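Novice: Handing you this structure, nothing more for now.
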Amino acid sequence: MKILAHIHTFNDEDVIDRSLRAVLEQSHPPQEILIVDNGSTDGTLKRSFPENVAVIRHPENRGTSGSVLTGFDYATRNGYDWIWVLDADSIVRPDALEKLVALHQTLHDTAHIGILSSCVEPMGTRQPVD
């Protein structure tokens, strides 16, 4: 299963490194990470990125929907089976993608899956359960 992690951003220089690090440290890493920037005017893109990170920069802010559409187009053109969509301030647990893939594998082959999603919680509201 070929998976693209998509991070959309706009003026997120203060959080993009944490989000990117969380995706890079996944126990089931995606094959590639795509950052779609919506015309940031801060230092969001003024950094180097690892080799498996692609960056597409919109000249203007197209909003979340516009950047996600860009990500879907990129994923389709590059033969990805899944696109994992994250905001620039998303800090996912190290096993988040592994758990989504495992959940998918438990479903019947005849099931048509449009979206699998992690539980979204405000930061600091829940402690990890071991």
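Residue names in the structure tokens use chain letters A, B, ... in the order shown, residue numbers from 1 in each chain, and ligand numbers from 1 in the order shown.
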Give me the residues near A:Pro50 as number ranges by chain, where near means some atom within 12 Å (using only C-alpha atoms) and where sequence neighbours in that chain fewer than 2 positions away do not count.
Specialist: A: 17, 20-21, 23-24, 32-35, 47-48, 52-55
Novice: Which is closer to A:Phe49 than all the others in A:Ile16, A:Leu4, A:Ala96, A:Leu107, using only C-alpha atoms?
Specialist: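 Once distances to A:Phe49 are computed over only C-alpha atoms, the minimum belongs to A:Ile16.
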Novice: Going by DSSP on the backbone, which bits of chain A are alpha helix (DSSP H)? Write them as a PyMOL selection string, please.
Specialist: chain A and resi 16-24+63-77+96-106
Novice: Out of A:Arg57, A:Arg77, A:Lys46, A:His28, which residue has the shortest atom-to-atom distance to A:Lys99 when counting only C-alpha atoms?
Specialist: A:His28
Novice: Find, counting only C-alpha atoms, the residue in A:Tyr80, A:Pro29, A:Ile3, A:Val15 that gets nearest to A:Glu98.
Specialist: A:Pro29
Novice: Using only C-alpha atoms for the distances, tell me which of A:Gln105, A:Asn38, A:Gln26, A:Asp12 is nearest to A:Ser65.
Specialist: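 Smallest distance to A:Ser65 is found for A:Asn38.
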Novice: Rounded to one decimal in Å, what is the spacing between atom CA of A:Glu13 and atom CA of A:Asp95?
Specialist: 24.8 Å
Novice: Any idea what's packed within 10 Å of A:Ile56, counting only C-alpha atoms, ignoring anything in its chain fewer than 4 positions away? Could you give it as number ranges by chain?
Specialist: A: 8, 34-39, 67, 70-71, 74
Novice: From stretch 28-69 of chain A, collect each residue whose DSSP state is strand (DSSP E or B) and return the set as a PyMOL selection string.
Specialist: chain A and resi 32-37+53-57
Novice: Got time to write the residues from that selection, N, CA, C and O atoms, as a PDB file, in the first residue's frame?
Specialist:
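Listing of part.pdb after writing:
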```pdb
ATOM      1  N   GLU A  32       6.148   8.998   1.138  1.00  0.00           N
ATOM      2  CA  GLU A  32       6.536  10.374   0.850  1.00  0.00           C
ATOM      3  C   GLU A  32       5.655  11.315   1.663  1.00  0.00           C
ATOM      4  O   GLU A  32       4.542  10.972   2.050  1.00  0.00           O
ATOM      5  N   ILE A  33       6.176  12.496   1.903  1.00  0.00           N
ATOM      6  CA  ILE A  33       5.432  13.554   2.577  1.00  0.00           C
ATOM      7  C   ILE A  33       5.335  14.725   1.605  1.00  0.00           C
ATOM      8  O   ILE A  33       6.340  15.133   1.015  1.00  0.00           O
ATOM      9  N   LEU A  34       4.141  15.247   1.452  1.00  0.00           N
ATOM     10  CA  LEU A  34       3.916  16.410   0.606  1.00  0.00           C
ATOM     11  C   LEU A  34       3.481  17.565   1.492  1.00  0.00           C
ATOM     12  O   LEU A  34       2.508  17.440   2.235  1.00  0.00           O
ATOM     13  N   ILE A  35       4.209  18.660   1.420  1.00  0.00           N
ATOM     14  CA  ILE A  35       3.799  19.880   2.105  1.00  0.00           C
ATOM     15  C   ILE A  35       3.227  20.814   1.048  1.00  0.00           C
ATOM     16  O   ILE A  35       3.897  21.134   0.062  1.00  0.00           O
ATOM     17  N   VAL A  36       1.973  21.208   1.248  1.00  0.00           N
ATOM     18  CA  VAL A  36       1.344  22.172   0.343  1.00  0.00           C
ATOM     19  C   VAL A  36       1.201  23.477   1.116  1.00  0.00           C
ATOM     20  O   VAL A  36       0.478  23.548   2.102  1.00  0.00           O
ATOM     21  N   ASP A  37       1.943  24.475   0.679  1.00  0.00           N
ATOM     22  CA  ASP A  37       1.949  25.768   1.344  1.00  0.00           C
ATOM     23  C   ASP A  37       1.021  26.731   0.616  1.00  0.00           C
ATOM     24  O   ASP A  37       1.075  26.857  -0.603  1.00  0.00           O
ATOM     25  N   VAL A  53      10.529  14.492   1.246  1.00  0.00           N
ATOM     26  CA  VAL A  53       9.522  15.540   1.423  1.00  0.00           C
ATOM     27  C   VAL A  53       9.488  16.402   0.163  1.00  0.00           C
ATOM     28  O   VAL A  53      10.494  16.972  -0.244  1.00  0.00           O
ATOM     29  N   ALA A  54       8.311  16.464  -0.455  1.00  0.00           N
ATOM     30  CA  ALA A  54       8.094  17.334  -1.607  1.00  0.00           C
ATOM     31  C   ALA A  54       7.325  18.563  -1.132  1.00  0.00           C
ATOM     32  O   ALA A  54       6.529  18.480  -0.198  1.00  0.00           O
ATOM     33  N   VAL A  55       7.569  19.692  -1.773  1.00  0.00           N
ATOM     34  CA  VAL A  55       6.887  20.934  -1.399  1.00  0.00           C
ATOM     35  C   VAL A  55       6.245  21.541  -2.642  1.00  0.00           C
ATOM     36  O   VAL A  55       6.889  21.672  -3.685  1.00  0.00           O
ATOM     37  N   ILE A  56       4.979  21.875  -2.520  1.00  0.00           N
ATOM     38  CA  ILE A  56       4.267  22.634  -3.553  1.00  0.00           C
ATOM     39  C   ILE A  56       3.825  23.926  -2.889  1.00  0.00           C
ATOM     40  O   ILE A  56       3.203  23.907  -1.818  1.00  0.00           O
ATOM     41  N   ARG A  57       4.147  25.046  -3.515  1.00  0.00           N
ATOM     42  CA  ARG A  57       3.804  26.342  -2.942  1.00  0.00           C
ATOM     43  C   ARG A  57       2.795  27.049  -3.834  1.00  0.00           C
ATOM     44  O   ARG A  57       3.054  27.301  -5.002  1.00  0.00           O
TER      45      ARG A  57
END
```
Novice: State, in Å with one decimal place, the distance from atom CA of A:Gly79 to atom CA of A:Lys2.
Specialist: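 So the answer is 7.6 Å.
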Novice: Which residue out of A:Asn61, A:Glu25, A:Thr9, A:Asp14 has the minimum interatomic distance to A:Arg93 when only C-alpha atoms are used?
Specialist: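 Ranked by minimum distance to A:Arg93, first place goes to A:Glu25.
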Novice: Using Å and a single decimal, report how far atom CA of A:Thr41 sits from atom CA of A:Pro59.
Specialist: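 These atoms are spaced 10.1 Å apart.
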Novice: Which residues come within 7 Å of A:Ile91, counting only C-alpha atoms, excluding same-chain residues fewer than 2 positions away, as a ChimeraX atom specification?
Specialist: /A:18-19,22,89,93
Novice: Of the candidates A:Ser90, A:Thr106, A:Asn78, A:Asn11, which shows the shortest atom-to-atom distance to A:Thr44, using only C-alpha atoms?
Specialist: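 Closest to A:Thr44, using only C-alpha atoms: A:Asn11.
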